Structure formats: C-alpha cells, structure tokens
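Q: A single structure is presented below for examination.
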Amino acid sequence: MRKQTFFIFFILCFLSQGKGQDLFPILGGQRAGTSVFTFLNIGVSARAVGMGESVVALNQDAASIYYNPAVIAQLGRSEISISQIKWPAEIDYDYFSFTHRFLKKHYLGINAGILHMKPMAETTEFYPDGTGNYFNFQDRFIGITYGSKMTDRFSFGFTIKHVAEDMADYKMSALLIDMGTFYWTGYKSLRFCASLCNFGGNVSPNGSYEKRILDQNSGMEIIEVSSFEKFSPPTQFRVGAAIDPISSDMQLLTLSIQLNHPVDNAEYIVTGVEYSYLKSLYIRAGHKFNKNEENMTFGLGIRVPVGPVKLNVDYGYANFDHLTDPRRFTLGISL
C-alpha cells in the first residue's frame, strides 16, 4: 500500500512538470497572467476559504472535491454543497456539487460553476462612451468525479471537466483533469494528501483578429489577420497535511498546512485552523504566505440537524489589498 501511495504521488509530481510547468520554477511570480480560465483559481467553498483554502487534506463537504477529488471517498454520507460568491466589480460566481457512494468503496460526484456578470457596453476608439450595443461575458465548467477507497487509509480520485468561456463573439473550451490522493498516515489523526487540478493542453479563443501594421517598404498601413495565441490552463499542484490535536465529543481543533504550486505564479504556503464546539459552531482562520493581494482569511459556520439531514451554513471572508473584499456563502446538506 505504501508503494502504491508513493507511486501515485510521483505521477502527480511528474504531471505537474509537464508542458513547461516546472514544479519549482525560478521567479514564478513573473508568470502571473499567463494562463486562461483563471476563474478556476477562485475558491468556491466558504468553509475552505475561511481556512485559507488549506484544505487539500481535509474531508469537509461536497465542495472539497474542487480542491482534491480523492476527498470524495472520505465522505461518509451523500453531500450537497451550494455556494454563492460575490466577486469584485459586480461579478457573481455560483457553484454546486453533489457526492454519493454508489458501491461499498466507490463514489461518484458532480460539480459545476458559472461566473457571470451583467451585459457590458461595447466601446470603440470612435465611441468611447458606448456604441449602444452590449455583449456578454461568462465562464463555466461542469465536472464528473470518481473516487475509490482502496484501503481504510488510502483513497484516490479524479475529475474530468469541461470548461468554457464566452466573450462577445469569441469562445473557447477545453477538457481538463483533476486528480488526487488522500492518505491517513496512521500516526494519530495525521493525514497527508496531494492533488493536481486543471491539467490539460493549451487553449486559445476561436476565430482571428485584425492587427494594423506599418509596411516598411511602402510606408502604408496594412491590416494583418492573425490567430490568437494559445495559453495553458491554470494548473495547480497542492500538497498538504492536517491533524486534529484536540478531538472529543465536545471540541474539535484541526490544523492544516499546504504548499501550492500554480503554473502562472510563484509558489506559496497556506495554513488553516478550525475550531468546532459540539460539532455545531465553527470558527476558522487562515493565512497565505507569499501570496499577492490577499493573505488573511476568516470564517464562521453552524451545523443544525433538520430531521434526518444535517444543514450547514458557512460564511468565508478573505481580505483584498486593492479590490473590494469578496463575500462567500455556502449551504451544505448531509443526507
């Protein structure tokens, strides 16, 4: 079992180095803005965001498969998670996920997200105040997750998802893969996990664009039709660990630490803590090191039994240095 675990972990590391995506690139911060479908970097779970998204090693709820598909095999009950994110500039992001065990050690899940905004006014160099026309911008994805618990300590999972973006008349889409592992070390409650998300080929919008250039021979301006350049998706490798130093019927304290390696930015470390009282009231905090724009996160949650199901309501806050702080609300149902 240990050999299998390290083999899968090695595969994740190898894939994270593919397509020029080195595991530890030099001056990684200079690669900011070099990927497409960047909305996939937005945290979708209020509970996860409250802990700084240091959750690759935590089996919290259905939304956890967004960070590590292997978590699906660590959920004891069928789970539903619905999130609404109020992003800066009046942008909304809605997320849904559902997980279910269909055989003894086999699990299936589905998740989807859509980032959208109000129609934008079209402007040109001759009509800077608007032409009277409007266009839409939308990002979305839908994924299917499979996971299996190979032993009582080890599980793995993967997600295949279709990602698409529409902006006016330009469209692009791609199939991406997430994969991950979840391993209980056997030392108290320590678990060690890794995931590789948004892995796939380079993508560019369909169609072409016109570019005005000056002809050196005639001195006249000519129009050149060019195709859009291809860019990689926002692949991200995560590896982390978590432990519960306090675990009783009344109190539970969880600590986590995680290393994130995005292909379009520098590596950074995140830490998180969650305290729960009577498994009903939750207080969370997190910190991101070497992360531009945001560093501190906080969160609150309540868990209430309603008949045969359990209802979770969570709020997550992350501070932004230059933009309006986003707001996240998540409604979870354990069936």
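Chains: A, B, ... in order of the structure tokens. Residues: from 1 per chain. Ligands: from 1, in order shown.
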Would you mind listing what lies within 9 Å of segment 252-261 of chain A as a ChimeraX atom specification, with only C-alpha atoms counted and same-chain residues fewer than 6 positions away left out?
A: /A:16,23-24,51,53-58,235-246,267-279
Q: List as a list of chain:residue names the protein and nucleic acid residues near His162 of chain A, meaning an atom at most 6 Å away when only C-alpha atoms are counted, but skip any in the same chain fewer than 6 places from it.
A: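 The filter keeps A:Phe141, A:Ile142, A:Ala174, A:Leu175.
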Q: For the atom pair atom CA of Tyr170 of chain A and atom CA of Phe231 of chain A, what is the interatomic distance in Å to one decimal place?
A: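 Straight-line distance from atom CA of Tyr170 of chain A to atom CA of Phe231 of chain A works out to 15.3 Å.
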Q: In Å, how far is it from atom CA of Lys86 of chain A to atom CA of Thr123 of chain A?
A: 25.7 Å
